[in-house]
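In what follows, a structure is listed as structure tokens, so that the remarks can point back to it.
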Amino acid sequence: MPKTSARLLSMLSLLQARRDWPGALLAERLDISPRTVRRDVDRLRELGYPIATVKGPDGGYRLDAGSELPPLLFDDDQAVALAVALRIATTSGAGIEEAAMRALHTVRQVMPSRLRRRIDTLQVTAVESPASRSEPRVDGDVLLALGAAVHAREVLRFDYAGTDLPRRAEPHHLVTWHGRWYLVAWDLDRRDWRTFRADRITPRTPAGPRFTRRELPTSDVATFVASRFRGSADTGDWPCRGEVILDLPASAVAHYVRDGVVEEVGSDRCRLVLGSWSWAGLAASIGRFDADIEVVGPAELKEAFAVLARRYAKAAPCAE
């Protein structure tokens with residue numbers, strides 16, 4: 001029979017792996033008697049693990065949630081995944097960077113050296129654009145309050161920076177988009193879907209009544225958010241999309257195109273299908289490739305190039 005400490009760790013690992021364990025099956029897996037199972041369960045309870053007894057023909061045990069957080073047991077893969085998640089959380093902009101760093105330090109301290117070496121090789125540095133450095137971070141308590149309102153399906157009452165009157169909304173999803181946190185919700189006063197920046201929200205208490213969740217106007221929340229930021233009619237696609245031929249090899253263009261389509265036309269030419277929020281913006285985006293351009297369509301894109309040509313010509317210094 002293994003030593004008591006090793007046996008307790010094995011039992012704890014099994015209890016964490018599935019919801020219910022019949023006592024006989026637990027004894028079989030640990031190769032101990034049912035009486036020893038009962039004694040070991042009592043020992044784990046004394047250590048703070050909330051193990052409930054499951055009634056039934058076979059009887060059994062379940063590891064429940066408790067009022068305090070007892071020591072946890074992770075296998076190697078879980079420990080590494082937790083450390084990686086905590087390291088990434090230090091760059092999330094969710095206002096939990098300091099807590100995540102302290103938690104990572106705690107986890108790392110108790111790791112075996114073989115695992116510590118693995119996570120120490122992962123160093124993540126958040127590189128932000130100059131414009132985003134002055135953006136306020138989201139308070140972790142605000143994120144928890146928003147997430148709780150989404151989960152409970154309770155009307156959220158909140159103040160929103162830049163507006164004078166309190167807002168009321170039915171929260172639907174808490175999402176991240178390009179490093180910022182947003183709340184997708186049905187605005188009860190404006191009777192329409194809205195995306196609210198989480199860093200501008202100050203929740204009010206108490207929360208409002210429960211509600212029946214509405215269906216989004218799109219197939220999923222990702223499509224909805226993309227459509228709102230791209231200015232399209234809830235399709236997730238750009239409102240302006242055009243096609244051109246560039247005098248550049250496809251390999252030179254594809255590296256700089258995130259959500260467009262690049263097809264090779266010849267050794268030094270390619271077809272580019274790209275979208276943008278406006279025709280002028282699309283023409284300017286295509287012009288950055290610094291190559292000869294043949295517009296395939298539509299006519300709005302050709303006109304946008306003509307408008308930009310006149311503007312650029314007017315801005316250029318006159319030849320002497």
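Following the order of the structure tokens, chains are lettered A, B, ..., residues in each are numbered from 1, and ligands are numbered from 1.
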
Would you list, as a PyMOL selection string, the residues of range 216-250 of chain A that end up in strand (DSSP E or B) under DSSP run on this structure's backbone? chain A and resi 240-246

Under the rule of at most 9 Å, produce a per-residue listing of range 217-255 of chain A near range 262-277 of chain A: chain, number, name, the closest pair of atoms, and the distance in Å, as JSON lines, using only C-alpha atoms.
```
{"residue": "A:Phe229", "atom": "CA", "partner": "A:Trp277", "partner_atom": "CA", "distance": 8.8}
{"residue": "A:Arg230", "atom": "CA", "partner": "A:Trp277", "partner_atom": "CA", "distance": 5.7}
{"residue": "A:Gly231", "atom": "CA", "partner": "A:Trp277", "partner_atom": "CA", "distance": 6.2}
{"residue": "A:Ser232", "atom": "CA", "partner": "A:Trp277", "partner_atom": "CA", "distance": 8.0}
{"residue": "A:Asp237", "atom": "CA", "partner": "A:Gly275", "partner_atom": "CA", "distance": 7.8}
{"residue": "A:Trp238", "atom": "CA", "partner": "A:Gly275", "partner_atom": "CA", "distance": 5.2}
{"residue": "A:Pro239", "atom": "CA", "partner": "A:Trp277", "partner_atom": "CA", "distance": 5.8}
{"residue": "A:Cys240", "atom": "CA", "partner": "A:Ser276", "partner_atom": "CA", "distance": 5.4}
{"residue": "A:Arg241", "atom": "CA", "partner": "A:Gly275", "partner_atom": "CA", "distance": 4.1}
{"residue": "A:Gly242", "atom": "CA", "partner": "A:Val273", "partner_atom": "CA", "distance": 5.7}
{"residue": "A:Glu243", "atom": "CA", "partner": "A:Val273", "partner_atom": "CA", "distance": 4.5}
{"residue": "A:Val244", "atom": "CA", "partner": "A:Leu272", "partner_atom": "CA", "distance": 5.4}
{"residue": "A:Ile245", "atom": "CA", "partner": "A:Arg271", "partner_atom": "CA", "distance": 4.6}
{"residue": "A:Leu246", "atom": "CA", "partner": "A:Cys270", "partner_atom": "CA", "distance": 5.5}
{"residue": "A:Asp247", "atom": "CA", "partner": "A:Arg269", "partner_atom": "CA", "distance": 4.6}
{"residue": "A:Leu248", "atom": "CA", "partner": "A:Arg269", "partner_atom": "CA", "distance": 4.7}
{"residue": "A:Pro249", "atom": "CA", "partner": "A:Asp268", "partner_atom": "CA", "distance": 4.3}
{"residue": "A:Ala250", "atom": "CA", "partner": "A:Cys270", "partner_atom": "CA", "distance": 5.1}
{"residue": "A:Ser251", "atom": "CA", "partner": "A:Glu264", "partner_atom": "CA", "distance": 8.4}
{"residue": "A:Val253", "atom": "CA", "partner": "A:Val262", "partner_atom": "CA", "distance": 7.3}
{"residue": "A:Ala254", "atom": "CA", "partner": "A:Val262", "partner_atom": "CA", "distance": 6.0}
```

Compile the contact shell of Asp64 in chain A as a compact mmCIF listing (two decimals) with N, CA, C and O atoms, in the first residue's frame: residues with an atom at most 8 Å away, counting only C-alpha atoms, same-chain residues fewer than 4 positions apart removed.
```txt
# COMPACT_ATOMS: atom_id res chain seq x y z
N PRO A 50 -13.58 20.25 0.32
CA PRO A 50 -15.02 20.01 0.55
C PRO A 50 -15.50 18.79 -0.23
O PRO A 50 -16.03 18.90 -1.34
N ILE A 51 -15.36 17.62 0.31
CA ILE A 51 -15.75 16.38 -0.35
C ILE A 51 -17.11 15.96 0.19
O ILE A 51 -17.27 15.71 1.39
N ALA A 52 -18.09 15.92 -0.71
CA ALA A 52 -19.46 15.56 -0.32
C ALA A 52 -19.67 14.07 -0.54
O ALA A 52 -19.07 13.46 -1.42
```

With only C-alpha atoms as the atoms that count, which of A:Asp164, A:Asp187, A:Asp141, A:Glu154 lies nearest to Pro206 in chain A?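 Between A:Asp164, A:Asp187, A:Asp141, A:Glu154, the residue approaching Pro206 in chain A most closely is A:Glu154.
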
Counting only C-alpha atoms, the residue among A:Val84, A:Tyr312, A:His178, A:Thr218 that lies closest to Val107 in chain A is A:Val84

Enumerate the residues of range 213-313 of chain A with a DSSP assignment of helix (DSSP H, G or I), computed from the backbone, and present them as a PDB file with N, CA and C atoms, in the first residue's frame.
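Output file result01.pdb is given in full below:
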```
ATOM      1  N   VAL A 221     -21.596  36.264 -32.183  1.00  0.00           N
ATOM      2  CA  VAL A 221     -21.152  37.547 -31.646  1.00  0.00           C
ATOM      3  C   VAL A 221     -19.920  38.067 -32.376  1.00  0.00           C
ATOM      4  N   ALA A 222     -19.053  37.179 -32.872  1.00  0.00           N
ATOM      5  CA  ALA A 222     -17.865  37.630 -33.586  1.00  0.00           C
ATOM      6  C   ALA A 222     -18.249  38.381 -34.857  1.00  0.00           C
ATOM      7  N   THR A 223     -19.232  37.851 -35.591  1.00  0.00           N
ATOM      8  CA  THR A 223     -19.703  38.525 -36.804  1.00  0.00           C
ATOM      9  C   THR A 223     -20.344  39.863 -36.466  1.00  0.00           C
ATOM     10  N   PHE A 224     -21.096  39.905 -35.361  1.00  0.00           N
ATOM     11  CA  PHE A 224     -21.746  41.148 -34.962  1.00  0.00           C
ATOM     12  C   PHE A 224     -20.720  42.232 -34.654  1.00  0.00           C
ATOM     13  N   VAL A 225     -19.721  41.897 -33.837  1.00  0.00           N
ATOM     14  CA  VAL A 225     -18.715  42.889 -33.454  1.00  0.00           C
ATOM     15  C   VAL A 225     -17.933  43.353 -34.678  1.00  0.00           C
ATOM     16  N   ALA A 226     -17.541  42.406 -35.536  1.00  0.00           N
ATOM     17  CA  ALA A 226     -16.790  42.777 -36.743  1.00  0.00           C
ATOM     18  C   ALA A 226     -17.607  43.708 -37.622  1.00  0.00           C
ATOM     19  N   SER A 227     -18.910  43.430 -37.760  1.00  0.00           N
ATOM     20  CA  SER A 227     -19.744  44.268 -38.616  1.00  0.00           C
ATOM     21  C   SER A 227     -19.884  45.676 -38.055  1.00  0.00           C
ATOM     22  N   ARG A 228     -19.974  45.802 -36.726  1.00  0.00           N
ATOM     23  CA  ARG A 228     -20.115  47.123 -36.134  1.00  0.00           C
ATOM     24  C   ARG A 228     -18.849  47.955 -36.320  1.00  0.00           C
ATOM     25  N   PHE A 229     -17.703  47.346 -36.166  1.00  0.00           N
ATOM     26  CA  PHE A 229     -16.462  48.109 -36.303  1.00  0.00           C
ATOM     27  C   PHE A 229     -16.095  48.343 -37.764  1.00  0.00           C
ATOM     28  N   ARG A 230     -16.637  47.544 -38.641  1.00  0.00           N
ATOM     29  CA  ARG A 230     -16.362  47.751 -40.068  1.00  0.00           C
ATOM     30  C   ARG A 230     -17.431  48.597 -40.751  1.00  0.00           C
ATOM     31  N   ALA A 250       2.667  37.789 -55.883  1.00  0.00           N
ATOM     32  CA  ALA A 250       1.723  37.493 -54.799  1.00  0.00           C
ATOM     33  C   ALA A 250       2.422  37.346 -53.460  1.00  0.00           C
ATOM     34  N   SER A 251       3.621  36.789 -53.468  1.00  0.00           N
ATOM     35  CA  SER A 251       4.354  36.583 -52.215  1.00  0.00           C
ATOM     36  C   SER A 251       4.707  37.899 -51.541  1.00  0.00           C
ATOM     37  N   ALA A 252       4.905  38.960 -52.326  1.00  0.00           N
ATOM     38  CA  ALA A 252       5.262  40.259 -51.758  1.00  0.00           C
ATOM     39  C   ALA A 252       4.050  40.977 -51.180  1.00  0.00           C
ATOM     40  N   VAL A 253       2.835  40.617 -51.635  1.00  0.00           N
ATOM     41  CA  VAL A 253       1.617  41.287 -51.196  1.00  0.00           C
ATOM     42  C   VAL A 253       0.951  40.543 -50.044  1.00  0.00           C
ATOM     43  N   ALA A 254       0.927  39.223 -50.120  1.00  0.00           N
ATOM     44  CA  ALA A 254       0.187  38.410 -49.153  1.00  0.00           C
ATOM     45  C   ALA A 254       0.657  38.650 -47.723  1.00  0.00           C
ATOM     46  N   TRP A 279     -14.625  53.841 -49.770  1.00  0.00           N
ATOM     47  CA  TRP A 279     -13.934  53.633 -51.048  1.00  0.00           C
ATOM     48  C   TRP A 279     -12.617  54.389 -51.085  1.00  0.00           C
ATOM     49  N   ALA A 280     -12.590  55.594 -50.517  1.00  0.00           N
ATOM     50  CA  ALA A 280     -11.333  56.341 -50.481  1.00  0.00           C
ATOM     51  C   ALA A 280     -10.315  55.620 -49.598  1.00  0.00           C
ATOM     52  N   GLY A 281     -10.788  55.083 -48.458  1.00  0.00           N
ATOM     53  CA  GLY A 281      -9.889  54.336 -47.591  1.00  0.00           C
ATOM     54  C   GLY A 281      -9.351  53.093 -48.279  1.00  0.00           C
ATOM     55  N   LEU A 282     -10.190  52.422 -49.061  1.00  0.00           N
ATOM     56  CA  LEU A 282      -9.751  51.228 -49.783  1.00  0.00           C
ATOM     57  C   LEU A 282      -8.710  51.585 -50.834  1.00  0.00           C
ATOM     58  N   ALA A 283      -8.951  52.672 -51.596  1.00  0.00           N
ATOM     59  CA  ALA A 283      -7.994  53.094 -52.618  1.00  0.00           C
ATOM     60  C   ALA A 283      -6.662  53.465 -51.980  1.00  0.00           C
ATOM     61  N   ALA A 284      -6.708  54.179 -50.853  1.00  0.00           N
ATOM     62  CA  ALA A 284      -5.463  54.558 -50.185  1.00  0.00           C
ATOM     63  C   ALA A 284      -4.730  53.331 -49.660  1.00  0.00           C
ATOM     64  N   SER A 285      -5.468  52.340 -49.172  1.00  0.00           N
ATOM     65  CA  SER A 285      -4.850  51.126 -48.660  1.00  0.00           C
ATOM     66  C   SER A 285      -4.150  50.349 -49.773  1.00  0.00           C
ATOM     67  N   ILE A 286      -4.767  50.312 -50.935  1.00  0.00           N
ATOM     68  CA  ILE A 286      -4.154  49.614 -52.073  1.00  0.00           C
ATOM     69  C   ILE A 286      -2.940  50.383 -52.579  1.00  0.00           C
ATOM     70  N   GLY A 287      -3.029  51.724 -52.516  1.00  0.00           N
ATOM     71  CA  GLY A 287      -1.926  52.538 -53.008  1.00  0.00           C
ATOM     72  C   GLY A 287      -0.643  52.391 -52.218  1.00  0.00           C
ATOM     73  N   ALA A 299     -16.994  50.275 -60.043  1.00  0.00           N
ATOM     74  CA  ALA A 299     -16.795  51.645 -60.537  1.00  0.00           C
ATOM     75  C   ALA A 299     -16.495  52.598 -59.380  1.00  0.00           C
ATOM     76  N   GLU A 300     -17.068  52.335 -58.202  1.00  0.00           N
ATOM     77  CA  GLU A 300     -16.830  53.218 -57.054  1.00  0.00           C
ATOM     78  C   GLU A 300     -15.350  53.254 -56.673  1.00  0.00           C
ATOM     79  N   LEU A 301     -14.654  52.131 -56.847  1.00  0.00           N
ATOM     80  CA  LEU A 301     -13.233  52.114 -56.531  1.00  0.00           C
ATOM     81  C   LEU A 301     -12.445  52.919 -57.554  1.00  0.00           C
ATOM     82  N   LYS A 302     -12.825  52.824 -58.830  1.00  0.00           N
ATOM     83  CA  LYS A 302     -12.151  53.624 -59.855  1.00  0.00           C
ATOM     84  C   LYS A 302     -12.324  55.114 -59.573  1.00  0.00           C
ATOM     85  N   GLU A 303     -13.533  55.521 -59.185  1.00  0.00           N
ATOM     86  CA  GLU A 303     -13.784  56.924 -58.888  1.00  0.00           C
ATOM     87  C   GLU A 303     -12.993  57.362 -57.659  1.00  0.00           C
ATOM     88  N   ALA A 304     -12.841  56.482 -56.674  1.00  0.00           N
ATOM     89  CA  ALA A 304     -12.076  56.818 -55.474  1.00  0.00           C
ATOM     90  C   ALA A 304     -10.618  57.079 -55.831  1.00  0.00           C
ATOM     91  N   PHE A 305     -10.049  56.282 -56.742  1.00  0.00           N
ATOM     92  CA  PHE A 305      -8.678  56.525 -57.185  1.00  0.00           C
ATOM     93  C   PHE A 305      -8.575  57.873 -57.890  1.00  0.00           C
ATOM     94  N   ALA A 306      -9.596  58.228 -58.677  1.00  0.00           N
ATOM     95  CA  ALA A 306      -9.581  59.518 -59.371  1.00  0.00           C
ATOM     96  C   ALA A 306      -9.629  60.669 -58.371  1.00  0.00           C
ATOM     97  N   VAL A 307     -10.446  60.537 -57.337  1.00  0.00           N
ATOM     98  CA  VAL A 307     -10.545  61.576 -56.300  1.00  0.00           C
ATOM     99  C   VAL A 307      -9.207  61.737 -55.587  1.00  0.00           C
ATOM    100  N   LEU A 308      -8.575  60.615 -55.227  1.00  0.00           N
ATOM    101  CA  LEU A 308      -7.288  60.689 -54.550  1.00  0.00           C
ATOM    102  C   LEU A 308      -6.215  61.272 -55.465  1.00  0.00           C
ATOM    103  N   ALA A 309      -6.286  60.938 -56.753  1.00  0.00           N
ATOM    104  CA  ALA A 309      -5.299  61.469 -57.692  1.00  0.00           C
ATOM    105  C   ALA A 309      -5.357  62.990 -57.741  1.00  0.00           C
ATOM    106  N   ARG A 310      -6.590  63.532 -57.748  1.00  0.00           N
ATOM    107  CA  ARG A 310      -6.730  64.988 -57.764  1.00  0.00           C
ATOM    108  C   ARG A 310      -6.223  65.604 -56.464  1.00  0.00           C
ATOM    109  N   ARG A 311      -6.516  64.955 -55.359  1.00  0.00           N
ATOM    110  CA  ARG A 311      -6.052  65.479 -54.069  1.00  0.00           C
ATOM    111  C   ARG A 311      -4.532  65.449 -53.973  1.00  0.00           C
ATOM    112  N   TYR A 312      -3.934  64.338 -54.402  1.00  0.00           N
ATOM    113  CA  TYR A 312      -2.479  64.212 -54.321  1.00  0.00           C
ATOM    114  C   TYR A 312      -1.797  65.201 -55.262  1.00  0.00           C
ATOM    115  N   ALA A 313      -2.393  65.391 -56.442  1.00  0.00           N
ATOM    116  CA  ALA A 313      -1.808  66.334 -57.391  1.00  0.00           C
ATOM    117  C   ALA A 313      -1.855  67.746 -56.836  1.00  0.00           C
TER     118      ALA A 313
END
```

CA of Ala99 in chain A to CA of Trp181 in chain A, distance in Å rounded to a single decimal: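 Calculated distance between CA of Ala99 in chain A and CA of Trp181 in chain A is 18.2 Å.
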
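CA of Asp220 in chain A is found 21.2 Å from CA of Gly260 in chain A.
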
Can you work out which one of A:Val295, A:Met101, A:Ala316, A:Leu47 has the shortest atom-to-atom distance to Ser5 in chain A, counting only C-alpha atoms?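 Checking each of A:Val295, A:Met101, A:Ala316, A:Leu47 against Ser5 in chain A, counting only C-alpha atoms, the winner is A:Leu47.
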